[in-house]
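*Asks:* One structure coming up, written as structure tokens, with questions to follow.
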Amino acid sequence: MSEEILEPEKWVEQYADMLYRYTLVRVKDPDVAEELVQTTFFAALKSQHTFAGKSTEKTWLFGILKHKTMDHFRAAKKNINLDLSDPEGDSIQFDPMGHMVPPPNNWNLNPEKAVENKELAQVLAKCLNGLSEKFHRIFVLKEIEGLSSEEICKEFGVKPTNLWVMLHRARNQLKLCMEANWLSKE
Amino acid sequence: MSIFKMTCKDVYPLISEEMDRPLSFGARVRLKMHLGICSLCEIYRKQLATLRSLARSLGKEDSRITETTVLNPETKEKIQKFIKEKI
């Protein structure tokens with residue numbers, strides 16, 4: 001197999017949009033996402049000598065971006081307190097009998113197959129953007145970055161009980177938003 | 001509280017928590033008992049599972065879900081210029 005080479009003059013054309021979209025799913029602020037993509041290209045340029053040609057150029061660039069994004073999350077710890085100091089209530093309501101009001105909509109979807117529904121995923125992207133910074137970050141770390149609960153608690157100073165409560169509430173907000181934006185069209 | 005008197009309100013946090021940590025034996029039993037008789041909570045559970053799989057696909061490197069989103073052309077130009085100067 002031939003070794004991969006780097007072609008920095010083609011990076012922007014080939015990867016800029018892809019890297020930007022990947023980042024924008026993870027950070028809410030487009031300016032921050034833009035900055036992370038820039039930083040990634042600059043860092044890649046500086047460390048070209050570390051590219052061993054074993055992976056593709058694309059994988060290598062994404063690797064740098066992932067590091068930069070996690071660095072950003074760690075640095076932002078000071079600004080976004082991820083613990084539940086300022087609780088946002090749960091958006092799901094119940095009647096006196098303890099039933100959900102309104103009752104959950106049957107999406108009639110197999111959760112695994114739902115990923116093939118691009119429109120539905122676009123609604124999720126929109127709903128995700130509507131979460132508060134705190135819930136957005138928690139949901140991204142858990143469900144998009146795929147960190148374990150232990151890692152999130154340790155790395156971001158969150159108590160496990162608070163993490164579960166916040167994930168639960170973030171999911172409920174997303175669920176209600178999806179119902180309002182997607183299912184209303186059915 | 002008797003497990004037969006458990007309402008959706010009592011059980012629904014467990015549905016989310018189960019996605020993030022192993023539940024205690026007692027909690028697992030309570031949840032299973034309730035899901036056996038409550039179709040609405042089963043629907044809710046599927047909704048959360050759908051959210052999870054959609055979120056994962058949204059976050060993939062090759063995700064084309066938000067493909068109309070592009071980086072600002074001015075920023076692209078700036079980066080391109082910088083790269084040209086350095087190589």
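Following the order of the structure tokens, first chain is A, next is B, and so on, with residues numbered from 1 inside each chain and ligands from 1 in the order they appear.
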Could the residues of chain B within 7 Å of chain A, counting only C-alpha atoms, be given as number ranges by chain, please?
*Replies:* B: 7-9, 13, 16-17, 20, 40, 43-44, 46, 48-50, 52-59, 61, 65-66, 69-71, 76, 79-80, 83-84
*Asks:* For the selection just defined, write its residues with N, CA and C atoms to a file, as an mmCIF file, in the first residue's frame.
*Replies:*
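Ended up saving to result36.cif:
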```cif
data_model
loop_
_atom_site.group_PDB
_atom_site.id
_atom_site.type_symbol
_atom_site.label_atom_id
_atom_site.label_comp_id
_atom_site.auth_asym_id
_atom_site.auth_seq_id
_atom_site.Cartn_x
_atom_site.Cartn_y
_atom_site.Cartn_z
ATOM 1 N N THR B 7 -46.412 4.978 39.100
ATOM 2 C CA THR B 7 -46.922 5.690 37.932
ATOM 3 C C THR B 7 -45.769 5.965 36.953
ATOM 4 N N CYS B 8 -46.143 6.492 35.782
ATOM 5 C CA CYS B 8 -45.126 6.869 34.790
ATOM 6 C C CYS B 8 -44.156 7.885 35.409
ATOM 7 N N LYS B 9 -44.712 8.791 36.194
ATOM 8 C CA LYS B 9 -43.899 9.840 36.803
ATOM 9 C C LYS B 9 -42.805 9.242 37.704
ATOM 10 N N PRO B 13 -37.770 8.658 35.044
ATOM 11 C CA PRO B 13 -36.340 9.002 35.122
ATOM 12 C C PRO B 13 -35.437 7.773 34.966
ATOM 13 N N SER B 16 -34.318 7.011 31.333
ATOM 14 C CA SER B 16 -33.154 7.759 30.865
ATOM 15 C C SER B 16 -31.884 7.283 31.587
ATOM 16 N N GLU B 17 -31.982 7.109 32.903
ATOM 17 C CA GLU B 17 -30.802 6.715 33.682
ATOM 18 C C GLU B 17 -30.227 5.378 33.230
ATOM 19 N N ASP B 20 -27.430 5.509 30.939
ATOM 20 C CA ASP B 20 -26.166 6.098 31.383
ATOM 21 C C ASP B 20 -25.436 5.318 32.453
ATOM 22 N N LEU B 40 -47.226 3.579 26.983
ATOM 23 C CA LEU B 40 -46.738 4.947 26.784
ATOM 24 C C LEU B 40 -45.275 5.087 27.209
ATOM 25 N N ILE B 43 -43.143 3.644 24.612
ATOM 26 C CA ILE B 43 -42.967 4.600 23.501
ATOM 27 C C ILE B 43 -41.894 5.627 23.877
ATOM 28 N N TYR B 44 -41.975 6.124 25.104
ATOM 29 C CA TYR B 44 -41.002 7.111 25.583
ATOM 30 C C TYR B 44 -39.583 6.526 25.522
ATOM 31 N N LYS B 46 -38.480 4.245 23.523
ATOM 32 C CA LYS B 46 -38.054 4.190 22.112
ATOM 33 C C LYS B 46 -37.664 5.575 21.606
ATOM 34 N N LEU B 48 -36.274 7.959 23.342
ATOM 35 C CA LEU B 48 -34.932 8.281 23.825
ATOM 36 C C LEU B 48 -33.868 7.483 23.077
ATOM 37 N N ALA B 49 -34.194 6.236 22.749
ATOM 38 C CA ALA B 49 -33.240 5.420 21.986
ATOM 39 C C ALA B 49 -33.044 6.003 20.585
ATOM 40 N N THR B 50 -34.133 6.531 20.022
ATOM 41 C CA THR B 50 -34.040 7.155 18.697
ATOM 42 C C THR B 50 -33.173 8.412 18.755
ATOM 43 N N ARG B 52 -30.764 8.949 20.742
ATOM 44 C CA ARG B 52 -29.367 8.531 20.870
ATOM 45 C C ARG B 52 -28.788 8.123 19.512
ATOM 46 N N SER B 53 -29.513 7.318 18.763
ATOM 47 C CA SER B 53 -28.919 6.883 17.491
ATOM 48 C C SER B 53 -28.847 8.023 16.485
ATOM 49 N N LEU B 54 -29.806 8.935 16.535
ATOM 50 C CA LEU B 54 -29.731 10.096 15.638
ATOM 51 C C LEU B 54 -28.539 10.982 16.003
ATOM 52 N N ALA B 55 -28.335 11.190 17.312
ATOM 53 C CA ALA B 55 -27.232 12.043 17.763
ATOM 54 C C ALA B 55 -25.899 11.452 17.316
ATOM 55 N N ARG B 56 -25.785 10.150 17.421
ATOM 56 C CA ARG B 56 -24.531 9.504 17.018
ATOM 57 C C ARG B 56 -24.272 9.674 15.527
ATOM 58 N N SER B 57 -25.320 9.544 14.740
ATOM 59 C CA SER B 57 -25.100 9.667 13.298
ATOM 60 C C SER B 57 -24.817 11.125 12.920
ATOM 61 N N LEU B 58 -25.430 12.040 13.647
ATOM 62 C CA LEU B 58 -25.192 13.464 13.405
ATOM 63 C C LEU B 58 -23.734 13.839 13.669
ATOM 64 N N GLY B 59 -23.131 13.170 14.629
ATOM 65 C CA GLY B 59 -21.775 13.528 15.041
ATOM 66 C C GLY B 59 -20.660 12.837 14.274
ATOM 67 N N GLU B 61 -17.935 11.793 11.372
ATOM 68 C CA GLU B 61 -17.073 12.602 10.496
ATOM 69 C C GLU B 61 -17.715 12.813 9.123
ATOM 70 N N ILE B 65 -25.670 15.148 7.100
ATOM 71 C CA ILE B 65 -26.966 15.642 7.558
ATOM 72 C C ILE B 65 -27.085 17.166 7.451
ATOM 73 N N THR B 66 -26.000 17.856 7.775
ATOM 74 C CA THR B 66 -26.054 19.320 7.714
ATOM 75 C C THR B 66 -25.199 19.825 6.556
ATOM 76 N N THR B 69 -24.451 23.412 5.351
ATOM 77 C CA THR B 69 -23.662 24.332 6.174
ATOM 78 C C THR B 69 -22.226 24.383 5.658
ATOM 79 N N VAL B 70 -21.752 25.577 5.370
ATOM 80 C CA VAL B 70 -20.362 25.702 4.897
ATOM 81 C C VAL B 70 -19.613 26.769 5.692
ATOM 82 N N LEU B 71 -18.309 26.633 5.688
ATOM 83 C CA LEU B 71 -17.473 27.613 6.385
ATOM 84 C C LEU B 71 -17.492 28.923 5.595
ATOM 85 N N LYS B 76 -12.181 30.930 4.845
ATOM 86 C CA LYS B 76 -11.485 29.961 3.990
ATOM 87 C C LYS B 76 -10.316 30.637 3.278
ATOM 88 N N ILE B 79 -7.429 31.310 5.630
ATOM 89 C CA ILE B 79 -6.661 30.094 5.958
ATOM 90 C C ILE B 79 -5.801 29.693 4.745
ATOM 91 N N GLN B 80 -6.421 29.741 3.569
ATOM 92 C CA GLN B 80 -5.707 29.369 2.345
ATOM 93 C C GLN B 80 -4.463 30.245 2.161
ATOM 94 N N ILE B 83 -1.797 29.255 4.646
ATOM 95 C CA ILE B 83 -1.151 27.993 4.267
ATOM 96 C C ILE B 83 -0.143 28.233 3.135
ATOM 97 N N LYS B 84 -0.556 28.998 2.157
ATOM 98 C CA LYS B 84 0.325 29.290 1.010
ATOM 99 C C LYS B 84 1.624 29.952 1.459
#
```
*Asks:* As a PyMOL selection string, which residues of chain B does DSSP assign to helix (DSSP H, G or I)?
*Replies:* chain B and resi 3-5+8-17+25-37+39-58+73-86
*Asks:* Take the selection from the previous step and output its residues with C-alpha atoms, as a PDB file, in the first residue's frame.
*Replies:*
```
ATOM      1  CA  ILE B   3     -44.572  -1.621  42.522  1.00  0.00           C
ATOM      2  CA  PHE B   4     -48.121  -2.093  41.309  1.00  0.00           C
ATOM      3  CA  LYS B   5     -48.949   1.490  42.227  1.00  0.00           C
ATOM      4  CA  CYS B   8     -45.126   6.869  34.790  1.00  0.00           C
ATOM      5  CA  LYS B   9     -43.899   9.840  36.803  1.00  0.00           C
ATOM      6  CA  ASP B  10     -42.187   7.506  39.274  1.00  0.00           C
ATOM      7  CA  VAL B  11     -40.582   5.406  36.583  1.00  0.00           C
ATOM      8  CA  TYR B  12     -39.653   7.675  33.704  1.00  0.00           C
ATOM      9  CA  PRO B  13     -36.340   9.002  35.122  1.00  0.00           C
ATOM     10  CA  LEU B  14     -35.168   5.384  35.264  1.00  0.00           C
ATOM     11  CA  ILE B  15     -35.704   5.043  31.523  1.00  0.00           C
ATOM     12  CA  SER B  16     -33.154   7.759  30.865  1.00  0.00           C
ATOM     13  CA  GLU B  17     -30.802   6.715  33.682  1.00  0.00           C
ATOM     14  CA  PHE B  25     -31.628  -4.674  40.891  1.00  0.00           C
ATOM     15  CA  GLY B  26     -34.686  -3.132  42.538  1.00  0.00           C
ATOM     16  CA  ALA B  27     -34.877  -0.309  40.014  1.00  0.00           C
ATOM     17  CA  ARG B  28     -34.561  -2.765  37.139  1.00  0.00           C
ATOM     18  CA  VAL B  29     -37.441  -4.822  38.486  1.00  0.00           C
ATOM     19  CA  ARG B  30     -39.619  -1.736  39.007  1.00  0.00           C
ATOM     20  CA  LEU B  31     -38.911  -0.520  35.509  1.00  0.00           C
ATOM     21  CA  LYS B  32     -39.551  -3.879  33.898  1.00  0.00           C
ATOM     22  CA  MET B  33     -42.828  -4.360  35.780  1.00  0.00           C
ATOM     23  CA  HIS B  34     -44.036  -0.939  34.729  1.00  0.00           C
ATOM     24  CA  LEU B  35     -42.975  -1.259  31.081  1.00  0.00           C
ATOM     25  CA  GLY B  36     -44.862  -4.541  30.945  1.00  0.00           C
ATOM     26  CA  ILE B  37     -48.133  -2.765  31.576  1.00  0.00           C
ATOM     27  CA  SER B  39     -47.287   1.199  26.458  1.00  0.00           C
ATOM     28  CA  LEU B  40     -46.738   4.947  26.784  1.00  0.00           C
ATOM     29  CA  CYS B  41     -43.521   4.505  28.748  1.00  0.00           C
ATOM     30  CA  GLU B  42     -42.400   1.949  26.185  1.00  0.00           C
ATOM     31  CA  ILE B  43     -42.967   4.600  23.501  1.00  0.00           C
ATOM     32  CA  TYR B  44     -41.002   7.111  25.583  1.00  0.00           C
ATOM     33  CA  ARG B  45     -38.164   4.622  25.894  1.00  0.00           C
ATOM     34  CA  LYS B  46     -38.054   4.190  22.112  1.00  0.00           C
ATOM     35  CA  GLN B  47     -38.033   7.949  21.654  1.00  0.00           C
ATOM     36  CA  LEU B  48     -34.932   8.281  23.825  1.00  0.00           C
ATOM     37  CA  ALA B  49     -33.240   5.420  21.986  1.00  0.00           C
ATOM     38  CA  THR B  50     -34.040   7.155  18.697  1.00  0.00           C
ATOM     39  CA  LEU B  51     -32.537  10.396  19.989  1.00  0.00           C
ATOM     40  CA  ARG B  52     -29.367   8.531  20.870  1.00  0.00           C
ATOM     41  CA  SER B  53     -28.919   6.883  17.491  1.00  0.00           C
ATOM     42  CA  LEU B  54     -29.731  10.096  15.638  1.00  0.00           C
ATOM     43  CA  ALA B  55     -27.232  12.043  17.763  1.00  0.00           C
ATOM     44  CA  ARG B  56     -24.531   9.504  17.018  1.00  0.00           C
ATOM     45  CA  SER B  57     -25.100   9.667  13.298  1.00  0.00           C
ATOM     46  CA  LEU B  58     -25.192  13.464  13.405  1.00  0.00           C
ATOM     47  CA  PRO B  73     -15.693  32.030   2.401  1.00  0.00           C
ATOM     48  CA  GLU B  74     -13.655  34.861   3.920  1.00  0.00           C
ATOM     49  CA  THR B  75     -12.319  32.554   6.617  1.00  0.00           C
ATOM     50  CA  LYS B  76     -11.485  29.961   3.990  1.00  0.00           C
ATOM     51  CA  GLU B  77      -9.575  32.543   2.006  1.00  0.00           C
ATOM     52  CA  LYS B  78      -7.686  33.660   5.096  1.00  0.00           C
ATOM     53  CA  ILE B  79      -6.661  30.094   5.958  1.00  0.00           C
ATOM     54  CA  GLN B  80      -5.707  29.369   2.345  1.00  0.00           C
ATOM     55  CA  LYS B  81      -3.517  32.458   2.262  1.00  0.00           C
ATOM     56  CA  PHE B  82      -1.860  31.518   5.513  1.00  0.00           C
ATOM     57  CA  ILE B  83      -1.151  27.993   4.267  1.00  0.00           C
ATOM     58  CA  LYS B  84       0.325  29.290   1.010  1.00  0.00           C
ATOM     59  CA  GLU B  85       2.681  31.559   2.903  1.00  0.00           C
ATOM     60  CA  LYS B  86       3.904  28.732   5.088  1.00  0.00           C
TER      61      LYS B  86
END
```
*Asks:* Here is a test: counting only C-alpha atoms, which residue of A:Trp182, A:Phe156, A:Phe73, A:Phe135 is nearest to Val32 of chain A?
*Replies:*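 Between A:Trp182, A:Phe156, A:Phe73, A:Phe135, the residue approaching Val32 of chain A most closely is A:Phe73.
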